[in-house]
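**Student:** Pasting final.tsv below, which is TSV, C-alpha atoms.
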chain	number	residue	atom	x	y	z
A	1	MET	CA	-2.45	11.98	15.33
A	2	LYS	CA	-2.38	9.36	18.07
A	3	SER	CA	-3.14	10.27	21.65
A	4	SER	CA	-0.25	10.66	24.08
A	5	ALA	CA	-1.35	7.47	25.83
A	6	MET	CA	-1.12	5.55	22.57
A	7	ARG	CA	2.31	7.03	21.87
A	8	LEU	CA	3.52	5.77	25.27
A	9	LEU	CA	2.59	2.19	24.51
A	10	SER	CA	5.65	0.30	25.68
A	11	VAL	CA	8.11	-1.39	23.40
A	12	GLY	CA	7.69	-4.49	25.52
A	13	ALA	CA	3.95	-4.56	24.97
A	14	ILE	CA	4.37	-4.18	21.22
A	15	ALA	CA	6.97	-6.93	21.17
A	16	MET	CA	4.61	-9.23	23.10
A	17	MET	CA	1.78	-8.45	20.68
A	18	GLY	CA	4.16	-9.22	17.85
A	19	MET	CA	4.85	-12.69	19.26
A	20	ILE	CA	1.13	-13.35	19.67
A	21	ALA	CA	0.27	-12.00	16.23
A	22	SER	CA	2.99	-14.04	14.55
A	23	VAL	CA	1.05	-17.20	15.37
A	24	SER	CA	-1.80	-16.26	13.03
A	25	ALA	CA	-0.80	-13.22	10.96
A	26	ASN	CA	0.99	-14.25	7.79
A	27	HIS	CA	0.35	-11.79	5.00
A	28	ALA	CA	3.44	-9.62	4.88
A	29	TRP	CA	4.55	-8.64	1.35
A	30	GLY	CA	8.07	-9.83	2.21
A	31	PRO	CA	10.64	-8.35	4.61
A	32	TYR	CA	9.61	-4.85	3.52
A	33	HIS	CA	8.92	-2.16	6.09
A	34	TRP	CA	9.57	1.52	6.74
A	35	ALA	CA	12.67	1.97	8.90
A	36	ARG	CA	12.09	3.78	12.19
A	37	THR	CA	13.61	3.97	15.65
A	38	GLN	CA	10.34	3.69	17.59
A	39	ASN	CA	6.63	3.06	17.20
A	40	PRO	CA	4.28	4.30	16.03
A	41	LEU	CA	5.63	4.89	12.53
A	42	THR	CA	4.87	8.54	11.76
A	43	LEU	CA	4.16	8.84	8.06
A	44	ASN	CA	2.62	11.45	5.76
A	45	VAL	CA	0.15	10.41	3.07
A	46	GLY	CA	-0.01	12.85	0.15
A	47	ASP	CA	-3.48	13.59	-1.25
A	48	ASN	CA	-3.28	13.76	-5.05
A	49	VAL	CA	-6.80	12.45	-5.66
A	50	SER	CA	-9.91	14.04	-7.12
A	51	ALA	CA	-13.06	14.89	-5.17
A	52	ALA	CA	-14.53	11.51	-6.17
A	53	TRP	CA	-11.83	9.82	-4.10
A	54	ASP	CA	-11.35	12.21	-1.18
A	55	THR	CA	-13.79	10.54	1.20
A	56	HIS	CA	-12.41	7.08	0.43
A	57	LEU	CA	-8.85	8.24	1.05
A	58	ASP	CA	-9.92	9.83	4.34
A	59	VAL	CA	-11.60	6.61	5.44
A	60	ALA	CA	-8.62	4.47	4.43
A	61	ILE	CA	-6.22	6.67	6.40
A	62	ALA	CA	-8.53	6.62	9.43
A	63	ASP	CA	-8.88	2.84	9.17
A	64	TRP	CA	-5.16	2.16	8.96
A	65	ASN	CA	-4.56	4.65	11.77
A	66	GLN	CA	-6.37	2.23	14.06
A	67	SER	CA	-3.15	0.21	14.05
A	68	ILE	CA	-1.08	0.80	17.18
A	69	VAL	CA	2.10	0.90	15.09
A	70	LEU	CA	0.97	3.53	12.54
A	71	ASP	CA	0.52	7.28	12.92
A	72	LEU	CA	-0.62	8.63	9.55
A	73	THR	CA	-1.32	12.22	8.57
A	74	LYS	CA	-2.96	13.25	5.32
A	75	THR	CA	-1.08	16.12	3.76
A	76	ALA	CA	-1.09	18.10	0.53
A	77	GLY	CA	0.01	16.00	-2.41
A	78	GLY	CA	3.55	16.26	-3.65
A	79	ALA	CA	2.98	14.62	-7.03
A	80	ARG	CA	1.20	15.29	-10.28
A	81	SER	CA	-1.67	12.87	-10.54
A	82	LYS	CA	-0.82	11.82	-14.09
A	83	ASN	CA	2.59	10.35	-13.34
A	84	CYS	CA	2.35	10.17	-9.53
A	85	ARG	CA	6.09	10.42	-8.95
A	86	PRO	CA	7.12	9.38	-5.45
A	87	THR	CA	8.29	11.68	-2.69
A	88	SER	CA	11.07	10.45	-0.44
A	89	GLY	CA	9.90	9.48	3.02
A	90	ARG	CA	6.16	9.37	2.41
A	91	ILE	CA	3.26	7.82	0.48
A	92	GLU	CA	1.69	9.63	-2.47
A	93	VAL	CA	-1.87	8.57	-3.37
A	94	CYS	CA	-3.04	9.62	-6.84
A	95	SER	CA	-6.10	9.26	-9.02
A	96	GLY	CA	-6.21	9.83	-12.75
A	97	ALA	CA	-7.42	8.56	-16.09
A	98	TYR	CA	-4.47	6.23	-16.55
A	99	GLY	CA	-6.21	4.58	-19.49
A	100	ASN	CA	-7.36	1.25	-20.83
A	101	ASN	CA	-4.36	-0.58	-19.41
A	102	GLY	CA	-6.14	-3.30	-17.45
A	103	TRP	CA	-5.51	-2.21	-13.87
A	104	LEU	CA	-7.85	-0.77	-11.27
A	105	GLY	CA	-5.08	0.21	-8.89
A	106	ILE	CA	-1.39	-0.28	-8.26
A	107	ALA	CA	0.82	0.13	-5.22
A	108	GLN	CA	4.56	0.64	-5.59
A	109	ILE	CA	7.33	0.68	-3.01
A	110	TRP	CA	10.96	1.75	-3.38
A	111	VAL	CA	13.24	-0.47	-1.27
A	112	THR	CA	16.86	-0.07	-0.18
A	113	GLY	CA	19.00	-2.43	1.86
A	114	GLY	CA	16.83	-5.32	0.74
A	115	GLU	CA	13.99	-4.46	3.13
A	116	HIS	CA	13.55	-0.77	3.95
A	117	ILE	CA	10.77	1.15	2.21
A	118	THR	CA	11.95	4.68	1.41
A	119	GLN	CA	8.96	5.96	-0.58
A	120	ALA	CA	5.68	4.61	-1.93
A	121	THR	CA	2.79	5.41	-4.23
A	122	THR	CA	-0.79	4.30	-4.80
A	123	LYS	CA	-2.48	4.93	-8.16
A	124	LEU	CA	-6.25	4.65	-8.73
A	125	ASN	CA	-7.35	4.38	-12.34
A	126	ASP	CA	-10.38	6.56	-13.18
A	127	TYR	CA	-10.71	4.90	-16.58
A	128	TYR	CA	-12.20	1.81	-14.92
A	129	PHE	CA	-13.94	3.62	-12.10
A	130	ALA	CA	-16.06	5.41	-14.70
A	131	MET	CA	-17.51	1.98	-15.61
A	132	ALA	CA	-20.81	0.89	-14.10
A	133	GLN	CA	-19.21	-2.22	-12.59
A	134	TYR	CA	-16.64	-0.28	-10.58
A	135	ASN	CA	-18.15	3.17	-10.09
A	136	THR	CA	-19.54	2.34	-6.64
A	137	PRO	CA	-18.52	3.45	-3.14
A	138	ALA	CA	-17.74	-0.14	-2.16
A	139	TRP	CA	-15.31	-0.75	-5.02
A	140	ARG	CA	-13.61	2.61	-4.50
A	141	ALA	CA	-13.24	1.90	-0.79
A	142	LEU	CA	-11.83	-1.60	-1.32
A	143	VAL	CA	-9.20	-0.60	-3.84
A	144	THR	CA	-8.10	2.53	-1.96
A	145	CYS	CA	-7.79	0.63	1.32
A	146	GLN	CA	-5.95	-2.29	-0.26
A	147	GLU	CA	-3.41	-0.31	-2.26
A	148	VAL	CA	-2.55	1.94	0.68
A	149	GLY	CA	-2.22	-1.19	2.82
A	150	HIS	CA	0.37	-2.56	0.41
A	151	ASP	CA	2.44	0.58	0.96
A	152	PHE	CA	3.07	-0.47	4.59
A	153	GLY	CA	4.35	-3.92	3.56
A	154	LEU	CA	1.11	-5.92	3.66
A	155	THR	CA	0.00	-8.29	0.95
A	156	HIS	CA	-3.35	-10.10	0.58
A	157	GLN	CA	-5.03	-12.40	3.07
A	158	ASP	CA	-6.79	-14.20	0.22
A	159	GLU	CA	-6.57	-14.06	-3.59
A	160	ASN	CA	-9.70	-15.98	-4.58
A	161	PHE	CA	-12.32	-13.66	-6.07
A	162	ASN	CA	-15.16	-16.16	-5.70
A	163	ASN	CA	-14.99	-17.52	-2.14
A	164	PRO	CA	-16.71	-15.97	0.91
A	165	ASN	CA	-15.39	-12.59	1.99
A	166	LEU	CA	-13.02	-12.39	4.94
A	167	GLY	CA	-14.22	-8.92	5.94
A	168	THR	CA	-11.02	-7.12	4.98
A	169	CYS	CA	-9.90	-4.94	2.10
A	170	MET	CA	-6.82	-7.17	1.83
A	171	ASP	CA	-9.09	-9.95	0.47
A	172	TYR	CA	-9.82	-10.13	-3.26
A	173	THR	CA	-13.50	-10.41	-4.11
A	174	ASN	CA	-16.08	-9.85	-6.82
A	175	ASN	CA	-18.44	-8.32	-4.25
A	176	PRO	CA	-16.69	-5.75	-2.02
A	177	ALA	CA	-19.73	-4.99	0.16
A	178	THR	CA	-18.06	-6.41	3.29
A	179	ASN	CA	-14.41	-5.97	2.24
A	180	GLN	CA	-14.00	-2.21	2.52
A	181	HIS	CA	-11.86	-1.88	5.67
A	182	PRO	CA	-8.96	-3.65	7.41
A	183	ASN	CA	-9.73	-6.33	9.98
A	184	GLN	CA	-7.95	-7.45	13.13
A	185	HIS	CA	-5.79	-9.89	11.18
A	186	ASP	CA	-4.36	-6.92	9.23
A	187	TYR	CA	-3.62	-5.02	12.44
A	188	ASP	CA	-1.96	-8.10	13.92
A	189	GLU	CA	0.23	-8.48	10.86
A	190	LEU	CA	1.31	-4.84	11.07
A	191	VAL	CA	2.39	-5.43	14.68
A	192	THR	CA	4.45	-8.38	13.47
A	193	ILE	CA	6.04	-6.39	10.63
A	194	TYR	CA	6.85	-3.44	12.88
A	195	SER	CA	7.87	-5.34	16.03
A	196	HIS	CA	11.59	-4.61	15.62
A	197	PHE	CA	13.28	-1.23	15.40
A	198	ASP	CA	16.02	0.20	13.18
A	199	ASN	CA	18.76	2.65	14.08
A	200	PHE	CA	17.56	5.11	11.43
A	201	THR	CA	14.33	6.15	9.78
A	202	THR	CA	13.17	6.30	6.18
A	203	ALA	CA	9.88	8.06	7.00
A	204	GLY	CA	10.01	11.79	6.48
A	205	ALA	CA	13.39	11.67	4.75
A	206	LEU	CA	14.10	14.71	2.59
A	207	THR	CA	16.55	13.09	0.20
A	208	LEU	CA	16.91	9.65	-1.30
A	209	PRO	CA	19.46	7.40	0.41
A	210	ALA	CA	22.88	7.73	-1.18
A	211	ALA	CA	22.85	4.00	-1.92
A	212	MET	CA	19.80	4.29	-4.17
A	213	PRO	CA	20.76	4.19	-7.88
A	214	PRO	CA	19.66	7.36	-9.72
A	215	ALA	CA	17.53	5.33	-12.16
A	216	MET	CA	15.21	4.37	-9.30
A	217	GLY	CA	14.12	8.00	-9.16
A	218	GLN	CA	14.04	8.60	-12.90
A	219	ILE	CA	11.83	5.83	-14.33
A	220	ASP	CA	8.06	6.40	-14.22
A	221	PHE	CA	7.17	2.71	-13.60
A	222	ASP	CA	3.77	3.34	-15.23
A	223	THR	CA	3.49	0.29	-17.48
A	224	PRO	CA	4.18	-3.47	-17.24
A	225	GLY	CA	7.24	-2.96	-19.42
A	226	GLN	CA	8.71	-0.82	-16.61
A	227	TRP	CA	7.68	-3.07	-13.70
A	228	GLY	CA	10.41	-5.66	-14.17
A	229	ARG	CA	10.11	-9.37	-13.48
A	230	LEU	CA	6.78	-10.97	-12.61
A	231	VAL	CA	7.35	-12.52	-9.17
A	232	HIS	CA	3.81	-13.45	-8.18
A	233	SER	CA	0.58	-14.22	-10.04
A	234	ALA	CA	-2.71	-15.55	-8.67
A	235	ALA	CA	-6.46	-15.49	-9.27
A	236	GLY	CA	-6.06	-16.18	-12.97
A	237	GLY	CA	-3.53	-13.38	-13.28
A	238	ARG	CA	-5.74	-10.71	-11.67
A	239	ALA	CA	-3.41	-10.40	-8.66
A	240	GLN	CA	0.22	-9.87	-9.60
A	241	ALA	CA	3.45	-8.45	-8.24
A	242	TYR	CA	6.53	-7.32	-10.15
A	243	ASP	CA	10.09	-6.52	-9.11
A	244	VAL	CA	12.71	-4.29	-10.74
A	245	ASP	CA	16.00	-5.35	-9.14
A	246	PHE	CA	18.65	-2.64	-9.30
A	247	GLY	CA	21.17	-4.72	-7.36
A	248	ARG	CA	22.69	-4.30	-3.89
A	249	GLY	CA	19.28	-4.66	-2.25
A	250	ASN	CA	17.61	-1.88	-4.26
A	251	HIS	CA	14.19	-2.69	-5.70
A	252	VAL	CA	11.02	-1.10	-6.99
A	253	ILE	CA	8.14	-3.49	-6.37
A	254	THR	CA	4.67	-3.15	-7.86
A	255	HIS	CA	1.43	-4.77	-6.69
A	256	VAL	CA	-1.27	-4.76	-9.40
A	257	PHE	CA	-5.04	-5.11	-8.94
A	258	TRP	CA	-6.23	-6.03	-12.43
A	259	ALA	CA	-9.79	-5.27	-13.51
A	260	ASP	CA	-12.21	-7.98	-14.56
A	261	PRO	CA	-11.53	-8.36	-18.30
A	262	GLN	CA	-15.29	-8.62	-18.82
A	263	ALA	CA	-15.92	-5.13	-17.42
A	264	ASP	CA	-17.86	-2.95	-19.88
A	265	ALA	CA	-17.88	0.83	-20.04
A	266	HIS	CA	-21.22	2.56	-19.78
Show how you would write the structure in this file as structure tokens.

**Tutor:**
Amino acid sequence: MKSSAMRLLSVGAIAMMGMIASVSANHAWGPYHWARTQNPLTLNVGDNVSAAWDTHLDVAIADWNQSIVLDLTKTAGGARSKNCRPTSGRIEVCSGAYGNNGWLGIAQIWVTGGEHITQATTKLNDYYFAMAQYNTPAWRALVTCQEVGHDFGLTHQDENFNNPNLGTCMDYTNNPATNQHPNQHDYDELVTIYSHFDNFTTAGALTLPAAMPPAMGQIDFDTPGQWGRLVHSAAGGRAQAYDVDFGRGNHVITHVFWADPQADAH
């Protein structure tokens, strides 16, 4: 939890930081953000991961908690790892052997009103992290940090796997040695995203908003056939985003981190 001094950071100061950050920060996923009436955004992160991932989840939460607009608490998971169903008002992070489906990790957000995140999930695919190429602390740290970052409304700073690292987990790379944590650019972007307030909150909600169509809570969204329309593709198709549009501003959006197709199991 943040210190009382951090909690008393003035709205005016945050707004000023938002204006400064907007000059350089430019990697929001879209208009998507958790609704809240003040900063920091207080949000629970459900732990549905195995022991192999626990340390990486702890580090990712601690890293993102360095943002002045986030106040994250790890809590007991509310999902089964296999299907990783969302819980209203929080993020569920899951690991499991999701199979030879091509993806290392996915982040999904449920959106109402065209912009307000109401629930989110991160899935980490043990099928690929059992491979020699990916079964390293650096790869686990990068993917955990990046997928959780998407659940706040961030997208990537860079989508080229082969250029020099930017020193952030929101940068795609073939060598994650220096891309395991957020950097200042990520924190600046979060200030920009969360520089305005709403008159209600979607964090900690106990029930889905009445406006959300029932199907949004009934589909598993596990496979590309359930992810809807491809709305973004980069890096030779290894960075993609999909959108299921339920109408009236209701969406389920999926960010996919595809594995290197040349990866071999050991």

**Student:** Figure out the distance between atom CA of A:Gln119 and atom CA of A:Pro86, please, to one decimal in Å.

**Tutor:**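 So the answer is 6.2 Å.
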
**Student:** Quick check, in Å to one decimal: how far apart do atom CA of A:Lys74 and atom CA of A:Pro40 lie?

**Tutor:**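 Computing it gives 15.7 Å between the two atoms.
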
**Student:** Could you give me, as a VMD selection string, the residues within 10 Å of A:Thr112, counting only C-alpha atoms and dropping anything in the same chain fewer than 3 positions from it?

**Tutor:** chain A and resid 32 109 115 to 119 202 208 to 213 246 to 252

**Student:** Skipping near chain neighbours, those fewer than 5 positions away, what residues fall within 9 Å of A:Thr75 using all atoms listed in the file, listed as a list in words?

**Tutor:**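 Using all atoms listed in the file, the neighbours found are Asn44, Val45, Gly46 and Asp47 of chain A.
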
**Student:** Let's have the selection written as an mmCIF file, keeping the file's coordinate frame, with C-alpha atoms.

**Tutor:**
data_model
loop_
_atom_site.group_PDB
_atom_site.id
_atom_site.type_symbol
_atom_site.label_atom_id
_atom_site.label_comp_id
_atom_site.auth_asym_id
_atom_site.auth_seq_id
_atom_site.Cartn_x
_atom_site.Cartn_y
_atom_site.Cartn_z
ATOM 1 C CA ASN A 44 2.620 11.450 5.760
ATOM 2 C CA VAL A 45 0.150 10.410 3.070
ATOM 3 C CA GLY A 46 -0.010 12.850 0.150
ATOM 4 C CA ASP A 47 -3.480 13.590 -1.250
#

**Student:** Can you tell me how far atom CA of A:Thr73 sits from atom CA of A:Phe129, in Å to one decimal?

**Tutor:**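 Separating atom CA of A:Thr73 from atom CA of A:Phe129 is a distance of 25.7 Å.
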
**Student:** Which polymer residues have any atom within 7 Å of an atom of A:Glu189, counting all atoms listed in the file, with same-chain residues fewer than 2 positions away left out, as a VMD selection string?

**Tutor:** chain A and resid 21 25 to 28 185 to 187 191 to 193

**Student:** The selected residues should be written to file as a tab-separated table (two decimals), in the coordinates of the input (atoms: C-alpha atoms).

**Tutor:**
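Final output, saved to result21.tsv:
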chain	number	residue	atom	x	y	z
A	21	ALA	CA	0.27	-12.00	16.23
A	25	ALA	CA	-0.80	-13.22	10.96
A	26	ASN	CA	0.99	-14.25	7.79
A	27	HIS	CA	0.35	-11.79	5.00
A	28	ALA	CA	3.44	-9.62	4.88
A	185	HIS	CA	-5.79	-9.89	11.18
A	186	ASP	CA	-4.36	-6.92	9.23
A	187	TYR	CA	-3.62	-5.02	12.44
A	191	VAL	CA	2.39	-5.43	14.68
A	192	THR	CA	4.45	-8.38	13.47
A	193	ILE	CA	6.04	-6.39	10.63

**Student:** In terms of the shortest atom-to-atom distance over all atoms listed in the file, which of A:Leu104, A:Trp110, A:Asn175, A:Leu154 is closest to A:Met131?

**Tutor:** A:Leu104

**Student:** Restrict the calculation to all atoms listed in the file, then for each residue of stretch 46-152 of chain A with any atom at most 9 Å from an atom of stretch 160-169 of chain A give the closest atom pair and their distance in Å to one decimal, rows by chain and rising residue number, as a Markdown table.

**Tutor:**
| residue | atom | partner | partner_atom | distance |
| --- | --- | --- | --- | --- |
| A:Ala141 | CA | A:Cys169 | CA | 8.1 |
| A:Leu142 | CA | A:Cys169 | CA | 5.2 |
| A:Val143 | CA | A:Cys169 | CA | 7.4 |
| A:Thr144 | CA | A:Cys169 | CA | 8.7 |
| A:Cys145 | CA | A:Cys169 | CA | 6.0 |
| A:Gln146 | CA | A:Cys169 | CA | 5.3 |
| A:Gly149 | CA | A:Cys169 | CA | 8.6 |

**Student:** Which of these, A:Ser67, A:Ser195, A:Thr122, A:Ser50, has the shortest distance to A:His33 once you count all atoms listed in the file?

**Tutor:** A:Ser195

**Student:** Which is closest to A:Pro31 among A:Leu190, A:Ala79, A:Ala120, A:Ala60, if we use all atoms listed in the file?

**Tutor:**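 Ranked by minimum distance to A:Pro31, first place goes to A:Leu190.
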
**Student:** Set the distance at 12 Å and use only C-alpha atoms: which residues neighbour A:Pro261 once local chain neighbours fewer than 2 positions away are removed? I'd like the list as a CSV table (one decimal) with C-alpha atoms, in the frame of the given file.

**Tutor:**
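Listed below is the output, selection-v2.csv:
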chain,number,residue,atom,x,y,z
A,100,ASN,CA,-7.4,1.2,-20.8
A,101,ASN,CA,-4.4,-0.6,-19.4
A,102,GLY,CA,-6.1,-3.3,-17.4
A,103,TRP,CA,-5.5,-2.2,-13.9
A,104,LEU,CA,-7.8,-0.8,-11.3
A,128,TYR,CA,-12.2,1.8,-14.9
A,133,GLN,CA,-19.2,-2.2,-12.6
A,236,GLY,CA,-6.1,-16.2,-13.0
A,237,GLY,CA,-3.5,-13.4,-13.3
A,238,ARG,CA,-5.7,-10.7,-11.7
A,257,PHE,CA,-5.0,-5.1,-8.9
A,258,TRP,CA,-6.2,-6.0,-12.4
A,259,ALA,CA,-9.8,-5.3,-13.5
A,263,ALA,CA,-15.9,-5.1,-17.4
A,264,ASP,CA,-17.9,-3.0,-19.9
A,265,ALA,CA,-17.9,0.8,-20.0

**Student:** Rank nothing, just name the residue among A:Thr254, A:Thr201, A:Asn183, A:Asn125 nearest to A:Asn39, using all atoms listed in the file.

**Tutor:**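 Distance minimum relative to A:Asn39 lands on A:Thr201.
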
**Student:** Calculated over only C-alpha atoms, which of the candidates A:Ala130, A:Ala239, A:Leu43, A:Ala177 has the smallest distance to A:Tyr98?

**Tutor:** A:Ala130

**Student:** Choose the residue, out of A:Val148, A:Trp227, A:Val69, A:Asp158, that has the smallest atom-to-atom separation from A:Cys94; count only C-alpha atoms.

**Tutor:**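 Nearest candidate to A:Cys94 out of A:Val148, A:Trp227, A:Val69, A:Asp158: A:Val148.
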